[in-house]
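The next block is model36.cif, given as mmCIF, C-alpha atoms.
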```cif
data_run
#
loop_
_atom_site.label_atom_id
_atom_site.label_comp_id
_atom_site.auth_asym_id
_atom_site.auth_seq_id
_atom_site.Cartn_x
_atom_site.Cartn_y
_atom_site.Cartn_z
CA MET A 1 1.28 -32.41 55.06
CA SER A 2 1.75 -31.15 58.60
CA SER A 3 4.85 -30.05 60.50
CA THR A 4 5.58 -29.25 64.13
CA ALA A 5 9.00 -28.25 65.52
CA ASN A 6 10.77 -29.32 62.33
CA THR A 7 8.97 -32.67 62.22
CA VAL A 8 7.26 -33.14 58.86
CA ARG A 9 4.43 -35.59 58.42
CA LEU A 10 3.74 -36.75 54.90
CA PRO A 11 1.03 -39.40 55.11
CA HIS A 12 0.73 -41.42 51.95
CA ARG A 13 -0.63 -44.69 50.68
CA ARG A 14 1.05 -47.11 48.29
CA VAL A 15 -0.82 -49.44 45.92
CA VAL A 16 0.77 -51.94 43.53
CA LEU A 17 -1.34 -52.94 40.52
CA GLU A 18 -1.24 -56.52 39.21
CA ASN A 19 0.97 -55.50 36.29
CA GLY A 20 3.54 -53.91 38.64
CA VAL A 21 2.64 -50.23 38.30
CA VAL A 22 3.09 -48.52 41.67
CA LEU A 23 0.59 -45.85 42.70
CA VAL A 24 1.42 -43.48 45.57
CA PHE A 25 -1.22 -41.15 47.03
CA ALA A 26 -0.41 -38.18 49.27
CA GLU A 27 -3.56 -36.26 50.09
CA GLN A 28 -3.23 -32.59 51.05
CA ALA A 29 -6.68 -31.33 52.04
CA HIS A 30 -5.60 -27.68 52.27
CA SER A 31 -4.46 -27.56 48.62
CA SER A 32 -6.67 -26.51 45.71
CA LYS A 33 -4.43 -28.28 43.18
CA LEU A 34 -3.60 -31.83 42.21
CA PHE A 35 -0.14 -32.83 40.95
CA LEU A 36 0.40 -36.14 39.14
CA LEU A 37 3.84 -37.45 38.23
CA ALA A 38 4.40 -40.59 36.14
CA SER A 39 7.96 -41.87 35.96
CA ILE A 40 9.58 -44.78 34.10
CA ASP A 41 12.79 -46.26 35.47
CA ALA A 42 14.53 -46.28 32.08
CA GLY A 43 17.18 -43.62 31.84
CA ALA A 44 20.64 -43.28 30.37
CA ARG A 45 21.75 -46.75 31.47
CA CYS A 46 19.35 -48.13 28.85
CA GLU A 47 21.04 -46.35 25.96
CA GLU A 48 24.18 -47.31 24.11
CA ARG A 49 27.06 -44.89 24.55
CA GLU A 50 26.95 -44.08 20.83
CA ARG A 51 23.25 -43.25 21.24
CA ALA A 52 23.67 -40.92 24.20
CA GLY A 53 20.70 -38.60 24.61
CA ILE A 54 18.04 -41.02 23.35
CA ALA A 55 16.64 -41.57 26.85
CA GLN A 56 16.21 -37.83 27.27
CA LEU A 57 14.53 -37.51 23.88
CA ALA A 58 12.22 -40.40 24.72
CA ILE A 59 10.86 -38.41 27.67
CA ARG A 60 10.71 -35.08 25.87
CA VAL A 61 8.50 -36.33 23.05
CA LEU A 62 5.83 -37.49 25.51
CA GLU A 63 4.40 -33.97 25.59
CA GLU A 64 4.07 -33.87 21.79
CA GLY A 65 0.82 -35.77 21.38
CA SER A 66 -0.95 -39.08 22.00
CA GLU A 67 -3.57 -41.24 20.34
CA ARG A 68 -6.57 -39.50 21.89
CA TYR A 69 -4.87 -36.09 22.06
CA PRO A 70 -2.83 -35.77 18.83
CA GLY A 71 -0.26 -33.02 18.47
CA GLN A 72 -0.96 -29.80 20.30
CA ALA A 73 -4.32 -31.14 21.52
CA LEU A 74 -2.44 -32.79 24.38
CA SER A 75 -1.11 -29.58 25.91
CA ARG A 76 -4.23 -27.62 24.99
CA ALA A 77 -6.43 -30.05 26.91
CA ILE A 78 -4.53 -29.28 30.11
CA GLU A 79 -3.97 -25.59 29.41
CA GLY A 80 -7.70 -25.28 28.72
CA VAL A 81 -8.44 -25.93 32.41
CA GLY A 82 -5.58 -23.73 33.62
CA GLY A 83 -3.19 -26.63 34.20
CA THR A 84 0.34 -27.49 33.13
CA LEU A 85 1.94 -30.43 31.37
CA GLU A 86 5.70 -30.96 31.46
CA ALA A 87 8.16 -33.69 30.58
CA ASP A 88 11.40 -33.59 32.56
CA GLY A 89 14.07 -35.84 34.03
CA ASP A 90 11.62 -37.43 36.46
CA GLY A 91 9.01 -38.27 33.82
CA LEU A 92 5.74 -36.65 32.78
CA ALA A 93 3.99 -34.30 35.20
CA VAL A 94 0.52 -32.74 35.15
CA GLU A 95 -0.87 -30.17 37.57
CA VAL A 96 -4.52 -29.13 37.52
CA ASN A 97 -7.23 -27.77 39.77
CA ALA A 98 -8.43 -30.55 42.04
CA GLU A 99 -11.79 -30.88 40.27
CA ASP A 100 -10.08 -31.65 36.94
CA TRP A 101 -8.48 -34.87 38.19
CA ALA A 102 -10.23 -37.13 35.65
CA LEU A 103 -8.90 -35.13 32.69
CA ALA A 104 -5.41 -35.14 34.22
CA ILE A 105 -5.40 -38.92 34.50
CA ASP A 106 -6.69 -39.34 30.95
CA VAL A 107 -4.05 -37.02 29.49
CA LEU A 108 -1.21 -38.40 31.60
CA SER A 109 -1.91 -42.05 30.86
CA ASP A 110 -2.53 -41.54 27.14
CA ALA A 111 0.66 -39.49 26.72
CA LEU A 112 2.76 -42.08 28.53
CA LEU A 113 1.24 -45.26 27.12
CA HIS A 114 0.16 -44.14 23.66
CA SER A 115 2.62 -41.52 22.47
CA SER A 116 2.02 -40.46 18.86
CA CYS A 117 4.75 -37.90 18.29
CA ASP A 118 5.06 -37.14 14.56
CA GLU A 119 8.20 -36.37 12.59
CA GLU A 120 7.79 -32.59 12.78
CA ALA A 121 7.33 -32.65 16.55
CA PHE A 122 10.27 -35.01 16.98
CA GLU A 123 12.54 -32.70 14.99
CA ARG A 124 11.42 -29.78 17.12
CA GLN A 125 12.39 -31.59 20.31
CA GLN A 126 15.62 -32.77 18.72
CA GLU A 127 16.54 -29.20 17.80
CA LEU A 128 15.74 -28.02 21.33
CA GLN A 129 18.01 -30.67 22.78
CA LEU A 130 20.79 -29.80 20.34
CA SER A 131 20.50 -26.12 21.25
CA GLU A 132 20.80 -27.03 24.95
CA ILE A 133 23.89 -29.11 24.19
CA GLN A 134 25.41 -26.15 22.33
CA ALA A 135 24.65 -23.89 25.28
CA GLU A 136 26.50 -26.34 27.55
CA LEU A 137 29.50 -26.29 25.19
CA ASP A 138 29.56 -22.49 25.46
CA GLU A 139 29.47 -22.53 29.28
CA PRO A 140 32.92 -23.17 30.82
CA ARG A 141 31.55 -24.01 34.26
CA THR A 142 29.33 -26.71 32.77
CA GLN A 143 32.21 -28.05 30.70
CA ALA A 144 34.36 -28.29 33.82
CA LEU A 145 31.63 -30.22 35.63
CA LEU A 146 31.10 -32.61 32.72
CA ARG A 147 34.84 -33.24 32.52
CA PHE A 148 34.97 -33.86 36.27
CA ARG A 149 32.11 -36.37 36.10
CA ARG A 150 33.79 -38.18 33.22
CA MET A 151 36.97 -38.44 35.28
CA VAL A 152 35.07 -39.86 38.26
CA TYR A 153 32.69 -42.23 36.48
CA GLY A 154 34.47 -43.03 33.23
CA ASP A 155 32.80 -43.05 29.82
CA GLN A 156 31.24 -46.50 30.29
CA HIS A 157 28.99 -45.35 33.14
CA PRO A 158 25.96 -43.23 32.16
CA PHE A 159 26.84 -40.69 34.87
CA GLY A 160 30.12 -40.08 33.08
CA ARG A 161 28.49 -38.56 29.99
CA PRO A 162 26.06 -35.66 29.48
CA THR A 163 22.41 -36.55 30.08
CA GLN A 164 21.53 -34.60 26.94
CA GLY A 165 24.00 -36.61 24.86
CA ASN A 166 26.39 -34.94 22.42
CA GLU A 167 25.85 -33.11 19.15
CA GLU A 168 26.74 -36.12 17.01
CA SER A 169 24.64 -38.71 18.83
CA VAL A 170 21.54 -36.51 19.08
CA ALA A 171 21.81 -35.29 15.47
CA LEU A 172 21.84 -38.92 14.30
CA ALA A 173 18.77 -39.88 16.36
CA THR A 174 15.50 -40.64 14.57
CA LEU A 175 11.89 -40.89 15.59
CA GLU A 176 12.18 -44.65 15.03
CA ASP A 177 15.01 -44.75 17.59
CA VAL A 178 12.78 -43.10 20.18
CA GLN A 179 9.86 -45.38 19.39
CA ARG A 180 12.17 -48.39 19.74
CA PHE A 181 13.37 -47.05 23.09
CA HIS A 182 9.77 -46.85 24.30
CA ALA A 183 9.05 -50.40 23.12
CA GLU A 184 12.20 -51.87 24.67
CA TRP A 185 12.36 -50.08 28.01
CA PHE A 186 8.95 -48.65 28.97
CA ALA A 187 7.25 -51.34 31.06
CA PRO A 188 4.61 -51.32 33.82
CA ALA A 189 6.89 -52.83 36.48
CA ARG A 190 9.19 -49.80 36.03
CA CYS A 191 6.44 -47.21 36.37
CA VAL A 192 5.59 -45.16 39.46
CA VAL A 193 2.67 -42.73 39.48
CA VAL A 194 2.56 -40.27 42.39
CA VAL A 195 -0.49 -38.15 43.18
CA SER A 196 -0.10 -35.22 45.59
CA GLY A 197 -2.61 -32.55 46.50
CA ARG A 198 -6.33 -32.29 47.10
CA ILE A 199 -8.05 -35.58 46.30
CA LEU A 200 -11.78 -34.95 46.12
CA ASP A 201 -12.85 -38.57 45.67
CA PRO A 202 -10.09 -41.01 46.69
CA ALA A 203 -11.94 -44.18 45.66
CA ARG A 204 -12.88 -42.92 42.21
CA LEU A 205 -9.44 -41.45 41.58
CA GLU A 206 -7.70 -44.71 42.48
CA ALA A 207 -10.13 -46.66 40.32
CA ALA A 208 -9.48 -44.32 37.40
CA LEU A 209 -5.71 -44.74 37.72
CA ALA A 210 -6.06 -48.51 38.01
CA SER A 211 -8.20 -48.53 34.87
CA ALA A 212 -5.83 -46.26 32.95
CA PHE A 213 -2.61 -48.06 33.88
CA GLY A 214 -3.72 -51.53 34.99
CA ALA A 215 -4.17 -53.02 31.50
CA TRP A 216 -0.72 -51.94 30.36
CA SER A 217 1.48 -54.83 29.30
CA ASN A 218 4.84 -55.04 27.57
CA PRO A 219 6.13 -58.62 27.62
CA GLY A 220 8.80 -57.72 25.07
CA ALA A 221 10.54 -55.20 27.34
CA LEU A 222 14.23 -55.85 27.84
CA PRO A 223 15.70 -56.46 31.32
CA LEU A 224 17.30 -53.38 32.84
CA PRO A 225 21.08 -53.45 32.42
CA PRO A 226 23.13 -53.17 35.61
CA TYR A 227 25.17 -50.09 36.24
CA PRO A 228 28.90 -50.61 35.64
CA GLU A 229 30.97 -51.22 38.76
CA LEU A 230 32.56 -48.11 40.25
CA GLU A 231 35.84 -47.75 42.07
CA LEU A 232 37.42 -44.85 43.90
CA ALA A 233 40.46 -43.54 42.04
CA SER A 234 43.71 -44.72 43.62
CA SER A 235 45.70 -41.60 42.74
CA ARG A 236 45.23 -37.92 42.06
CA ARG A 237 44.71 -36.68 38.53
CA VAL A 238 44.33 -33.31 36.79
CA GLU A 239 42.68 -32.50 33.45
CA ILE A 240 42.76 -29.00 31.99
CA GLN A 241 40.72 -27.64 29.11
CA ARG A 242 42.44 -24.45 28.14
CA GLU A 243 40.13 -21.65 27.04
CA ASP A 244 40.59 -17.90 26.74
CA ARG A 245 38.25 -16.86 29.56
CA SER A 246 38.37 -14.30 32.35
CA GLN A 247 38.52 -16.94 35.09
CA VAL A 248 39.23 -20.59 35.75
CA ASN A 249 36.38 -22.90 36.73
CA LEU A 250 37.61 -25.71 38.96
CA TYR A 251 35.89 -28.87 40.22
CA LEU A 252 37.81 -31.03 42.67
CA GLY A 253 36.62 -34.26 44.26
CA HIS A 254 36.04 -37.99 43.88
CA LEU A 255 33.42 -40.74 43.96
CA GLY A 256 30.88 -40.28 46.75
CA VAL A 257 28.23 -42.30 48.57
CA ARG A 258 24.73 -43.72 48.07
CA ARG A 259 21.71 -42.10 49.68
CA VAL A 260 21.09 -45.18 51.84
CA ASP A 261 24.51 -44.84 53.46
CA PRO A 262 23.88 -44.88 57.25
CA ARG A 263 26.28 -41.95 57.61
CA PHE A 264 24.10 -39.73 55.40
CA PRO A 265 22.82 -37.45 58.24
CA ALA A 266 26.39 -36.92 59.45
CA LEU A 267 27.48 -36.17 55.88
CA MET A 268 24.79 -33.51 55.51
CA LEU A 269 26.20 -31.83 58.61
CA LEU A 270 29.74 -32.25 57.27
CA ASP A 271 28.68 -30.46 54.07
CA HIS A 272 27.32 -27.56 56.05
CA VAL A 273 30.45 -27.21 58.17
CA LEU A 274 32.86 -27.64 55.28
CA GLY A 275 31.27 -26.12 52.22
CA THR A 276 27.53 -25.36 52.10
CA GLY A 277 26.90 -23.34 55.25
CA SER A 278 24.17 -20.69 55.17
CA GLY A 279 25.35 -17.12 54.84
CA PHE A 280 28.90 -18.16 53.89
CA THR A 281 29.50 -19.56 57.39
CA ASP A 282 31.26 -22.75 56.23
CA ARG A 283 35.02 -23.26 56.50
CA LEU A 284 35.74 -22.98 52.77
CA SER A 285 33.78 -19.74 52.41
CA LYS A 286 35.38 -18.18 55.48
CA ARG A 287 38.88 -18.95 54.27
CA LEU A 288 38.82 -18.78 50.45
CA ARG A 289 36.11 -16.15 50.11
CA ASP A 290 36.27 -13.92 53.18
CA ASP A 291 39.91 -14.20 54.29
CA TRP A 292 41.62 -14.60 50.92
CA GLY A 293 39.11 -12.95 48.58
CA LEU A 294 39.56 -15.60 45.88
CA ALA A 295 35.93 -15.81 44.74
CA TYR A 296 32.39 -14.90 45.64
CA SER A 297 31.18 -18.50 45.38
CA VAL A 298 32.97 -21.57 46.71
CA TYR A 299 31.37 -24.74 48.02
CA ALA A 300 31.86 -28.44 48.70
CA THR A 301 29.30 -31.22 49.12
CA ILE A 302 29.04 -34.99 49.28
CA SER A 303 25.40 -35.47 50.29
CA SER A 304 23.58 -33.51 47.59
CA SER A 305 24.26 -35.95 44.73
CA ALA A 306 23.91 -39.20 46.69
CA GLY A 307 21.37 -41.46 45.01
CA ARG A 308 20.79 -45.05 44.03
CA GLU A 309 24.30 -45.03 42.64
CA PRO A 310 27.18 -43.29 44.44
CA GLY A 311 27.20 -39.55 43.87
CA THR A 312 30.30 -37.40 44.09
CA PHE A 313 32.20 -35.50 46.68
CA LEU A 314 33.00 -32.26 44.88
CA ALA A 315 34.22 -28.80 45.60
CA TYR A 316 33.90 -25.86 43.22
CA ILE A 317 35.46 -22.45 42.83
CA GLY A 318 35.68 -19.95 39.98
CA THR A 319 38.70 -17.71 40.38
CA SER A 320 41.36 -15.78 38.47
CA PRO A 321 44.18 -17.78 36.83
CA ASP A 322 46.83 -16.39 39.18
CA LYS A 323 44.84 -17.51 42.24
CA VAL A 324 44.05 -21.09 41.17
CA GLN A 325 46.96 -22.76 42.95
CA GLN A 326 46.21 -20.87 46.15
CA ALA A 327 42.57 -21.98 45.89
CA ILE A 328 43.56 -25.62 45.40
CA ASP A 329 46.01 -25.51 48.31
CA GLY A 330 43.37 -23.94 50.54
CA MET A 331 40.79 -26.58 49.60
CA LEU A 332 43.25 -29.40 50.27
CA GLU A 333 44.07 -27.97 53.67
CA GLU A 334 40.40 -27.72 54.60
CA PHE A 335 39.73 -31.28 53.41
CA GLU A 336 42.51 -32.48 55.70
CA ARG A 337 41.29 -30.30 58.55
CA ILE A 338 37.73 -31.68 58.43
CA ARG A 339 39.25 -35.18 58.64
CA ARG A 340 41.27 -34.41 61.79
CA GLU A 341 39.22 -31.72 63.52
CA ALA A 342 35.63 -32.39 64.58
CA PRO A 343 33.11 -29.57 64.22
CA SER A 344 33.07 -27.20 67.17
CA PRO A 345 29.89 -27.05 69.28
CA ALA A 346 29.03 -23.75 67.58
CA GLU A 347 29.59 -25.18 64.07
CA LEU A 348 27.50 -28.24 64.80
CA GLU A 349 24.68 -26.26 66.38
CA LEU A 350 24.58 -23.82 63.45
CA ALA A 351 24.48 -26.68 60.94
CA LYS A 352 21.72 -28.52 62.77
CA SER A 353 19.70 -25.35 63.28
CA TYR A 354 19.78 -24.50 59.59
CA LEU A 355 19.11 -28.01 58.26
CA LEU A 356 16.32 -28.72 60.74
CA GLY A 357 14.77 -25.29 60.21
CA SER A 358 14.76 -25.67 56.44
CA TRP A 359 13.53 -29.28 56.43
CA PRO A 360 9.78 -28.43 56.26
CA PHE A 361 10.36 -26.09 53.31
CA ARG A 362 11.39 -29.09 51.18
CA PHE A 363 7.77 -30.26 51.25
CA GLU A 364 5.75 -27.08 50.79
CA ARG A 365 4.47 -27.67 47.26
CA ASN A 366 2.60 -30.62 45.78
CA SER A 367 5.39 -31.08 43.24
CA GLN A 368 8.04 -31.21 45.97
CA ARG A 369 6.13 -33.84 47.91
CA ALA A 370 5.53 -35.91 44.79
CA ARG A 371 9.17 -35.84 43.74
CA TRP A 372 10.27 -36.78 47.25
CA LEU A 373 7.91 -39.77 47.26
CA LEU A 374 9.15 -40.82 43.83
CA ALA A 375 12.76 -40.61 45.02
CA ALA A 376 11.90 -42.55 48.18
CA GLU A 377 10.33 -45.28 46.03
CA ARG A 378 13.36 -45.51 43.74
CA LEU A 379 15.85 -45.39 46.62
CA LEU A 380 13.87 -47.87 48.79
CA LEU A 381 13.80 -45.43 51.70
CA PRO A 382 11.67 -46.28 54.76
CA SER A 383 8.08 -45.10 54.51
CA ASP A 384 8.54 -42.88 57.58
CA GLU A 385 11.82 -41.33 56.42
CA VAL A 386 10.29 -37.86 56.20
CA GLU A 387 9.21 -37.95 59.84
CA LEU A 388 12.23 -39.66 61.35
CA PHE A 389 15.06 -37.98 59.45
CA PRO A 390 15.08 -34.77 61.54
CA GLU A 391 15.52 -36.84 64.70
CA ARG A 392 18.37 -38.79 63.12
CA LEU A 393 19.98 -35.50 62.15
CA ARG A 394 19.46 -33.99 65.61
CA ALA A 395 21.10 -37.01 67.27
CA VAL A 396 24.38 -36.79 65.30
CA GLN A 397 27.39 -35.97 67.47
CA ALA A 398 30.54 -34.13 66.46
CA ASP A 399 32.67 -37.28 66.60
CA GLU A 400 30.27 -38.96 64.15
CA VAL A 401 30.82 -36.14 61.65
CA LEU A 402 34.57 -36.58 62.09
CA GLU A 403 34.30 -40.35 61.57
CA ALA A 404 32.17 -39.82 58.45
CA ALA A 405 34.75 -37.38 57.08
CA ARG A 406 37.58 -39.83 57.66
CA ALA A 407 35.63 -42.68 56.07
CA CYS A 408 34.14 -40.87 53.07
CA LEU A 409 36.64 -38.18 52.08
CA HIS A 410 39.69 -39.53 50.26
CA PRO A 411 42.30 -36.86 49.53
CA GLU A 412 44.56 -39.45 47.92
CA GLY A 413 42.01 -40.06 45.15
CA LEU A 414 41.10 -36.48 44.24
CA GLN A 415 40.30 -35.65 40.62
CA ALA A 416 40.58 -32.07 39.37
CA ALA A 417 38.93 -30.67 36.25
CA LEU A 418 39.72 -27.12 35.17
CA VAL A 419 38.49 -24.97 32.29
CA GLY A 420 40.09 -21.60 31.62
CA PRO A 421 43.33 -19.76 30.75
CA ILE A 422 45.75 -22.02 32.59
CA ASP A 423 48.23 -24.70 31.59
CA ALA A 424 49.22 -26.53 34.79
CA VAL A 425 48.45 -26.82 38.49
CA ARG A 426 49.85 -28.79 41.39
CA LEU A 427 47.53 -31.26 43.13
#
```
Do you think you could lay out the structure here as structure tokens?
Amino acid sequence: MSSTANTVRLPHRRVVLENGVVLVFAEQAHSSKLFLLASIDAGARCEERERAGIAQLAIRVLEEGSERYPGQALSRAIEGVGGTLEADGDGLAVEVNAEDWALAIDVLSDALLHSSCDEEAFERQQELQLSEIQAELDEPRTQALLRFRRMVYGDQHPFGRPTQGNEESVALATLEDVQRFHAEWFAPARCVVVVSGRILDPARLEAALASAFGAWSNPGALPLPPYPELELASSRRVEIQREDRSQVNLYLGHLGVRRVDPRFPALMLLDHVLGTGSGFTDRLSKRLRDDWGLAYSVYATISSSAGREPGTFLAYIGTSPDKVQQAIDGMLEEFERIRREAPSPAELELAKSYLLGSWPFRFERNSQRARWLLAAERLLLPSDEVELFPERLRAVQADEVLEAARACLHPEGLQAALVGPIDAVRL
């Protein structure tokens, strides 16, 4: 990767194997490491609502052993050369020293294609997931966010329920359920493997990946189900979960936009002006935090969650019960203001300066570059998006931010989720 005056260059090469597996190579000669990320496009939309959490379990168990590396031998093989192996929301990732690339490919492919998790290992991962669910239940801010997302997406859409599932659905899950999930949804045409870092022998590495993944076949895989249709709420709504806490956690917002929305650069600038400005320089922070002293942290964003499906426009504040109505009124006033008042030259310049200055830092590490390339593949972004985006951002005018605010912020459809010692609010 190279960058000059905020322009980032991320040269990469894309290869599609005959079975549909996509390989993406991003060579970084200055790095001593190699990061490999294998991802299957088979998440929560592939699980039944009553089986919520199975998709997450299906990824977690991948680090629990394979045919050639049973049990703990899988992680030990990578740890033995000073590397790491991790299963997360994006898939299965391995990072090693550049010279250990062959071992990394062998471990990665065997774990993904030939998982051999046993009952004991499955129960360990199940218990870990259940403990994480319990931790979420004990965290009021998380509960407020989950309630907000359910209000926006509904319980039929996978984004409207916890990724981890719930205590009942995960407790009922079995190893056979996970194995069935692998058989039904893991297929080569849904797999992307990204390699980022120092590639010592490009031809041999590509041949090794093609050999490891090219023979994979799953003709019995089910077709991916479509996401449910989404609609912006036509009226405002409030849900309160009363709990005896020291403060109220509030999320306020509505359905957002997709990442491919042409207004995305303008919306990033809108976020910065309205609710994510550096050093508390945004309008919400100045008013609710500095002027009114309602909370240390307050923010609003529409761009950060934009993906293949619409994300959310959401604002957050944690404040005392007697200040909640003032916080809501202040937020509503700022939402209306950003829709009638374009950013000032100083606001726009500050937003652009920060976003352009921080752009190269999104691509410093091999893992960051790999996850960007994976997201670009899933979102069908242009191959030169990394290079061209700063120029698109720099070209945005204040009136474009205003137009984006008027088109994408919908005060009439706001949804409010609150958790804390409060019984009613006015929206």
* Which neighbours of A:Thr276 fall inside 7 Å, counting only C-alpha atoms, when residues of the same chain fewer than 4 positions from it are skipped, and could you give them as a PyMOL selection string? -> chain A and resi 271-272+282+299-301
* To do: Output the residue selection produced by the PyMOL selection byres ((chain A and resi 410) around 12) on the file above, formatted as an MDAnalysis selection string.
  => chainID A and resid 232:236 252:257 302 312:314 332 335:336 338:339 404:409 411:415
Store the residues of this selection in a file with C-alpha atoms, as a PDB file, keeping the file's coordinate frame.
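Just written: part-v1.pdb:
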```
ATOM      1  CA  LEU A 232      37.420 -44.850  43.900  1.00  0.00           C
ATOM      2  CA  ALA A 233      40.460 -43.540  42.040  1.00  0.00           C
ATOM      3  CA  SER A 234      43.710 -44.720  43.620  1.00  0.00           C
ATOM      4  CA  SER A 235      45.700 -41.600  42.740  1.00  0.00           C
ATOM      5  CA  ARG A 236      45.230 -37.920  42.060  1.00  0.00           C
ATOM      6  CA  LEU A 252      37.810 -31.030  42.670  1.00  0.00           C
ATOM      7  CA  GLY A 253      36.620 -34.260  44.260  1.00  0.00           C
ATOM      8  CA  HIS A 254      36.040 -37.990  43.880  1.00  0.00           C
ATOM      9  CA  LEU A 255      33.420 -40.740  43.960  1.00  0.00           C
ATOM     10  CA  GLY A 256      30.880 -40.280  46.750  1.00  0.00           C
ATOM     11  CA  VAL A 257      28.230 -42.300  48.570  1.00  0.00           C
ATOM     12  CA  ILE A 302      29.040 -34.990  49.280  1.00  0.00           C
ATOM     13  CA  THR A 312      30.300 -37.400  44.090  1.00  0.00           C
ATOM     14  CA  PHE A 313      32.200 -35.500  46.680  1.00  0.00           C
ATOM     15  CA  LEU A 314      33.000 -32.260  44.880  1.00  0.00           C
ATOM     16  CA  LEU A 332      43.250 -29.400  50.270  1.00  0.00           C
ATOM     17  CA  PHE A 335      39.730 -31.280  53.410  1.00  0.00           C
ATOM     18  CA  GLU A 336      42.510 -32.480  55.700  1.00  0.00           C
ATOM     19  CA  ILE A 338      37.730 -31.680  58.430  1.00  0.00           C
ATOM     20  CA  ARG A 339      39.250 -35.180  58.640  1.00  0.00           C
ATOM     21  CA  ALA A 404      32.170 -39.820  58.450  1.00  0.00           C
ATOM     22  CA  ALA A 405      34.750 -37.380  57.080  1.00  0.00           C
ATOM     23  CA  ARG A 406      37.580 -39.830  57.660  1.00  0.00           C
ATOM     24  CA  ALA A 407      35.630 -42.680  56.070  1.00  0.00           C
ATOM     25  CA  CYS A 408      34.140 -40.870  53.070  1.00  0.00           C
ATOM     26  CA  LEU A 409      36.640 -38.180  52.080  1.00  0.00           C
ATOM     27  CA  PRO A 411      42.300 -36.860  49.530  1.00  0.00           C
ATOM     28  CA  GLU A 412      44.560 -39.450  47.920  1.00  0.00           C
ATOM     29  CA  GLY A 413      42.010 -40.060  45.150  1.00  0.00           C
ATOM     30  CA  LEU A 414      41.100 -36.480  44.240  1.00  0.00           C
ATOM     31  CA  GLN A 415      40.300 -35.650  40.620  1.00  0.00           C
TER      32      GLN A 415
END
```
* May I ask for the distance between atom CA of A:Ala102 and atom CA of A:Ser367, given in Å to one decimal place? => 18.4 Å
* Residue with smallest distance to A:Glu231 - pool A:Gln368, A:Tyr153, A:Trp359, A:Asp100, counting all atoms listed in the file ->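 Closest to A:Glu231 of all the choices is A:Tyr153.
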Write out as a compact mmCIF listing (two decimals) with C-alpha atoms, in the frame of the given file the residues lying within 12 Å of A:Asp155, counting only C-alpha atoms and excluding same-chain residues fewer than 6 positions away.
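This is the output file result.txt:
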```txt
# COMPACT_ATOMS: atom_id res chain seq x y z
CA ARG A 45 21.75 -46.75 31.47
CA GLU A 48 24.18 -47.31 24.11
CA ARG A 49 27.06 -44.89 24.55
CA GLU A 50 26.95 -44.08 20.83
CA ALA A 52 23.67 -40.92 24.20
CA LEU A 146 31.10 -32.61 32.72
CA ARG A 147 34.84 -33.24 32.52
CA PHE A 148 34.97 -33.86 36.27
CA ARG A 149 32.11 -36.37 36.10
CA ARG A 161 28.49 -38.56 29.99
CA PRO A 162 26.06 -35.66 29.48
CA GLY A 165 24.00 -36.61 24.86
CA PRO A 228 28.90 -50.61 35.64
CA LEU A 230 32.56 -48.11 40.25
```
9 Å contact set for A:Val94, all atoms listed in the file, chain neighbours under 4 positions out, as a tab-separated table (two decimals) with C-alpha atoms, keeping the file's coordinate frame:
```
chain	number	residue	atom	x	y	z
A	34	LEU	CA	-3.60	-31.83	42.21
A	35	PHE	CA	-0.14	-32.83	40.95
A	36	LEU	CA	0.40	-36.14	39.14
A	37	LEU	CA	3.84	-37.45	38.23
A	38	ALA	CA	4.40	-40.59	36.14
A	78	ILE	CA	-4.53	-29.28	30.11
A	83	GLY	CA	-3.19	-26.63	34.20
A	84	THR	CA	0.34	-27.49	33.13
A	85	LEU	CA	1.94	-30.43	31.37
A	86	GLU	CA	5.70	-30.96	31.46
A	87	ALA	CA	8.16	-33.69	30.58
A	104	ALA	CA	-5.41	-35.14	34.22
A	105	ILE	CA	-5.40	-38.92	34.50
A	107	VAL	CA	-4.05	-37.02	29.49
A	108	LEU	CA	-1.21	-38.40	31.60
```
* Asked: Skipping near chain neighbours, those fewer than 5 positions away, what residues fall within 12 Å of A:Gly82 using all atoms listed in the file, listed as a PyMOL selection string?
  -> chain A and resi 33-34+75-77+94-100+103-104
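Separating atom CA of A:Asp322 from atom CA of A:Ser278 is a distance of 28.1 Å.
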* Structure fact -> Students should find that atom CA of A:Gln28 and atom CA of A:Ile199 are spaced 7.4 Å
* To do: Could you expand the PyMOL selection byres ((chain A and resi 15-26) around 7) into the explicit residues it covers here, written as a list in words?
  => Pro11, His12, Arg13, Arg14, Glu27, Gln28, Pro188, Ala189, Arg190, Cys191, Val192, Val193, Val194, Val195, Ser196, Gly197, Ala210 and Gly214 of chain A
Store the residues picked out above in a file with C-alpha atoms, as a short mmCIF file (atom, residue, chain, number, x, y, z; two decimals), keeping the file's coordinate frame.
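Saved file again.cif follows:
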```
data_model
loop_
_atom_site.label_atom_id
_atom_site.label_comp_id
_atom_site.auth_asym_id
_atom_site.auth_seq_id
_atom_site.Cartn_x
_atom_site.Cartn_y
_atom_site.Cartn_z
CA PRO A 11 1.03 -39.40 55.11
CA HIS A 12 0.73 -41.42 51.95
CA ARG A 13 -0.63 -44.69 50.68
CA ARG A 14 1.05 -47.11 48.29
CA GLU A 27 -3.56 -36.26 50.09
CA GLN A 28 -3.23 -32.59 51.05
CA PRO A 188 4.61 -51.32 33.82
CA ALA A 189 6.89 -52.83 36.48
CA ARG A 190 9.19 -49.80 36.03
CA CYS A 191 6.44 -47.21 36.37
CA VAL A 192 5.59 -45.16 39.46
CA VAL A 193 2.67 -42.73 39.48
CA VAL A 194 2.56 -40.27 42.39
CA VAL A 195 -0.49 -38.15 43.18
CA SER A 196 -0.10 -35.22 45.59
CA GLY A 197 -2.61 -32.55 46.50
CA ALA A 210 -6.06 -48.51 38.01
CA GLY A 214 -3.72 -51.53 34.99
#
```
